[in-house]
$ cat target.pdb   # PDB, C-alpha atoms, pLDDT in the B column
ATOM      1  CA  MET A   1    -181.405 -78.223-108.679  1.00 64.00           C
ATOM      2  CA  ARG A   2    -183.883 -75.465-107.939  1.00 72.00           C
ATOM      3  CA  TYR A   3    -183.699 -71.913-109.211  1.00 65.00           C
ATOM      4  CA  GLY A   4    -183.226 -70.636-105.652  1.00 71.00           C
ATOM      5  CA  ASP A   5    -180.141 -72.832-105.253  1.00 72.00           C
ATOM      6  CA  LEU A   6    -178.586 -71.390-108.404  1.00 70.00           C
ATOM      7  CA  VAL A   7    -179.300 -67.842-107.264  1.00 74.00           C
ATOM      8  CA  GLU A   8    -177.823 -68.591-103.844  1.00 78.00           C
ATOM      9  CA  LEU A   9    -174.619 -69.913-105.437  1.00 79.00           C
ATOM     10  CA  GLU A  10    -174.293 -66.773-107.547  1.00 78.00           C
ATOM     11  CA  ILE A  11    -174.934 -64.480-104.585  1.00 77.00           C
ATOM     12  CA  ASN A  12    -172.324 -66.296-102.487  1.00 80.00           C
ATOM     13  CA  GLN A  13    -169.795 -65.971-105.320  1.00 81.00           C
ATOM     14  CA  ILE A  14    -170.503 -62.253-105.734  1.00 78.00           C
ATOM     15  CA  ILE A  15    -170.177 -61.693-101.984  1.00 79.00           C
ATOM     16  CA  ALA A  16    -166.821 -63.511-101.914  1.00 80.00           C
ATOM     17  CA  GLU A  17    -165.501 -61.455-104.850  1.00 78.00           C
ATOM     18  CA  THR A  18    -166.720 -58.222-103.264  1.00 72.00           C
ATOM     19  CA  GLU A  19    -165.075 -59.041 -99.925  1.00 72.00           C
ATOM     20  CA  LYS A  20    -161.741 -59.404-101.736  1.00 75.00           C
ATOM     21  CA  GLU A  21    -162.144 -55.923-103.282  1.00 69.00           C
ATOM     22  CA  ILE A  22    -163.254 -54.088-100.121  1.00 65.00           C
ATOM     23  CA  PRO A  23    -159.706 -53.189 -98.954  1.00 64.00           C
ATOM     24  CA  THR A  24    -159.078 -51.371-102.262  1.00 60.00           C
ATOM     25  CA  ILE A  25    -162.267 -49.267-102.050  1.00 54.00           C
ATOM     26  CA  PRO A  26    -161.749 -45.979-100.138  1.00 57.00           C
ATOM     27  CA  ALA A  27    -164.012 -45.690 -97.131  1.00 54.00           C
ATOM     28  CA  ASP A  28    -166.620 -42.942 -97.091  1.00 55.00           C
ATOM     29  CA  LEU A  29    -165.610 -42.215 -93.506  1.00 51.00           C
ATOM     30  CA  ASP A  30    -162.356 -40.725 -94.776  1.00 51.00           C
ATOM     31  CA  ARG A  31    -164.196 -38.416 -97.143  1.00 59.00           C
ATOM     32  CA  SER A  32    -163.594 -34.754 -96.617  1.00 69.00           C
ATOM     33  CA  TYR A  33    -166.511 -32.428 -97.115  1.00 76.00           C
ATOM     34  CA  GLU A  34    -164.230 -29.384 -97.072  1.00 76.00           C
ATOM     35  CA  ARG A  35    -163.648 -29.418-100.823  1.00 77.00           C
ATOM     36  CA  ALA A  36    -167.308 -30.031-101.674  1.00 80.00           C
ATOM     37  CA  GLY A  37    -168.378 -27.268 -99.295  1.00 83.00           C
ATOM     38  CA  GLY A  38    -165.859 -24.901-100.856  1.00 84.00           C
ATOM     39  CA  TRP A  39    -167.201 -25.470-104.360  1.00 83.00           C
ATOM     40  CA  ALA A  40    -170.797 -25.131-103.200  1.00 87.00           C
ATOM     41  CA  GLY A  41    -169.905 -21.894-101.416  1.00 88.00           C
ATOM     42  CA  LEU A  42    -168.052 -20.616-104.478  1.00 87.00           C
ATOM     43  CA  THR A  43    -171.082 -21.181-106.675  1.00 86.00           C
ATOM     44  CA  ALA A  44    -173.551 -19.544-104.323  1.00 88.00           C
ATOM     45  CA  GLY A  45    -171.200 -16.695-103.380  1.00 88.00           C
ATOM     46  CA  ALA A  46    -170.365 -15.903-106.998  1.00 88.00           C
ATOM     47  CA  ALA A  47    -174.027 -15.835-108.003  1.00 88.00           C
ATOM     48  CA  ILE A  48    -175.060 -13.613-105.110  1.00 87.00           C
ATOM     49  CA  GLY A  49    -171.991 -11.378-105.545  1.00 86.00           C
ATOM     50  CA  ALA A  50    -172.721 -10.905-109.247  1.00 86.00           C
ATOM     51  CA  LYS A  51    -176.341  -9.999-108.514  1.00 84.00           C
ATOM     52  CA  VAL A  52    -175.391  -7.491-105.831  1.00 84.00           C
ATOM     53  CA  GLY A  53    -172.581  -6.072-107.997  1.00 84.00           C
ATOM     54  CA  ALA A  54    -174.953  -5.607-110.921  1.00 83.00           C
ATOM     55  CA  GLY A  55    -177.506  -3.940-108.660  1.00 82.00           C
ATOM     56  CA  LEU A  56    -174.940  -1.489-107.337  1.00 80.00           C
ATOM     57  CA  GLY A  57    -173.537  -0.912-110.828  1.00 81.00           C
ATOM     58  CA  ILE A  58    -176.927   0.028-112.285  1.00 79.00           C
ATOM     59  CA  ALA A  59    -176.695   3.273-110.338  1.00 75.00           C
ATOM     60  CA  GLY A  60    -173.695   4.142-112.515  1.00 76.00           C
ATOM     61  CA  GLY A  61    -175.517   3.602-115.792  1.00 76.00           C
ATOM     62  CA  PRO A  62    -175.755   0.775-118.304  1.00 73.00           C
ATOM     63  CA  LEU A  63    -172.028   0.078-118.367  1.00 77.00           C
ATOM     64  CA  GLY A  64    -171.938   0.242-114.586  1.00 78.00           C
ATOM     65  CA  ALA A  65    -174.060  -2.873-114.367  1.00 76.00           C
ATOM     66  CA  ILE A  66    -171.479  -4.811-116.356  1.00 78.00           C
ATOM     67  CA  ALA A  67    -168.604  -3.250-114.475  1.00 82.00           C
ATOM     68  CA  GLY A  68    -170.194  -4.075-111.107  1.00 82.00           C
ATOM     69  CA  THR A  69    -171.023  -7.672-111.997  1.00 84.00           C
ATOM     70  CA  ILE A  70    -167.455  -8.912-112.462  1.00 85.00           C
ATOM     71  CA  PRO A  71    -165.963  -7.639-109.165  1.00 86.00           C
ATOM     72  CA  GLY A  72    -169.077  -8.790-107.301  1.00 85.00           C
ATOM     73  CA  PHE A  73    -168.735 -12.221-108.917  1.00 87.00           C
ATOM     74  CA  VAL A  74    -165.073 -12.544-107.920  1.00 88.00           C
ATOM     75  CA  ILE A  75    -165.390 -11.172-104.386  1.00 88.00           C
ATOM     76  CA  GLY A  76    -168.574 -13.140-103.668  1.00 87.00           C
ATOM     77  CA  GLY A  77    -166.993 -16.314-105.032  1.00 87.00           C
ATOM     78  CA  VAL A  78    -163.898 -15.981-102.847  1.00 88.00           C
ATOM     79  CA  ILE A  79    -165.906 -15.266 -99.710  1.00 88.00           C
ATOM     80  CA  GLY A  80    -168.335 -18.082-100.523  1.00 87.00           C
ATOM     81  CA  TYR A  81    -165.522 -20.567-101.190  1.00 88.00           C
ATOM     82  CA  PHE A  82    -163.817 -20.006 -97.850  1.00 87.00           C
ATOM     83  CA  GLY A  83    -167.134 -19.967 -95.993  1.00 87.00           C
ATOM     84  CA  GLY A  84    -168.246 -23.197 -97.639  1.00 85.00           C
ATOM     85  CA  ALA A  85    -164.890 -24.871 -97.017  1.00 84.00           C
ATOM     86  CA  THR A  86    -165.095 -23.952 -93.338  1.00 84.00           C
ATOM     87  CA  MET A  87    -168.599 -25.404 -93.088  1.00 83.00           C
ATOM     88  CA  GLY A  88    -167.521 -28.568 -94.876  1.00 81.00           C
ATOM     89  CA  GLU A  89    -164.573 -28.943 -92.522  1.00 79.00           C
ATOM     90  CA  HIS A  90    -166.914 -28.730 -89.502  1.00 78.00           C
ATOM     91  CA  ILE A  91    -169.214 -31.353 -91.038  1.00 75.00           C
ATOM     92  CA  SER A  92    -166.251 -33.683 -91.609  1.00 70.00           C
ATOM     93  CA  LYS A  93    -165.173 -33.308 -87.983  1.00 72.00           C
ATOM     94  CA  GLU A  94    -168.667 -34.137 -86.712  1.00 69.00           C
ATOM     95  CA  HIS A  95    -168.910 -37.342 -88.722  1.00 61.00           C
TER      96      HIS A  95
END

$ encode --input "target.pdb" --output "structure tokens"
Amino acid sequence: MRYGDLVELEINQIIAETEKEIPTIPADLDRSYERAGGWAGLTAGAAIGAKVGAGLGIAGGPLGAIAGTIPGFVIGGVIGYFGGATMGEHISKEH
């Protein structure tokens, strides 16, 4: 028996075992990008909101920068989450 014959037997066995498992593996076509888009939007929105909030807060003094960062972080994160989720939903519909 040649090496190629042994490899072919192993490959055929692996393919047969994989075909049995395919029905239990969730299809990527059913994947929803809404959740992933929401988290990506949350991250970007929170970062940008915190930066803008800190910039606006600096006008109020050193404590203003800290006080402006937190609301900017929260508001930017919420807006970014819903914007990202909407984009992800559109991507899911297109695919």

$ atom_distance --input "target.pdb" --atom1 "atom CA of Tyr81 of chain A" --atom2 "atom CA of Lys51 of chain A"
16.8 Å

$ resolve_selection --input "target.pdb" --expression "the PyMOL selection byres ((chain A and resi 53) around 7)" --output "ChimeraX atom specification"
/A:49-52,54-57,68-69,71-72

$ closest_residue --input "target.pdb" --among "A:Val7, A:Trp39, A:Gly45, A:Arg2" --to "Gly88 of chain A" --atoms "all atoms listed in the file"
A:Trp39

$ atom_distance --input "target.pdb" --atom1 "atom CA of Gly60 of chain A" --atom2 "atom CA of Thr43 of chain A"
26.1 Å

$ atom_distance --input "target.pdb" --atom1 "atom CA of Gly61 of chain A" --atom2 "atom CA of Gly41 of chain A"
29.8 Å
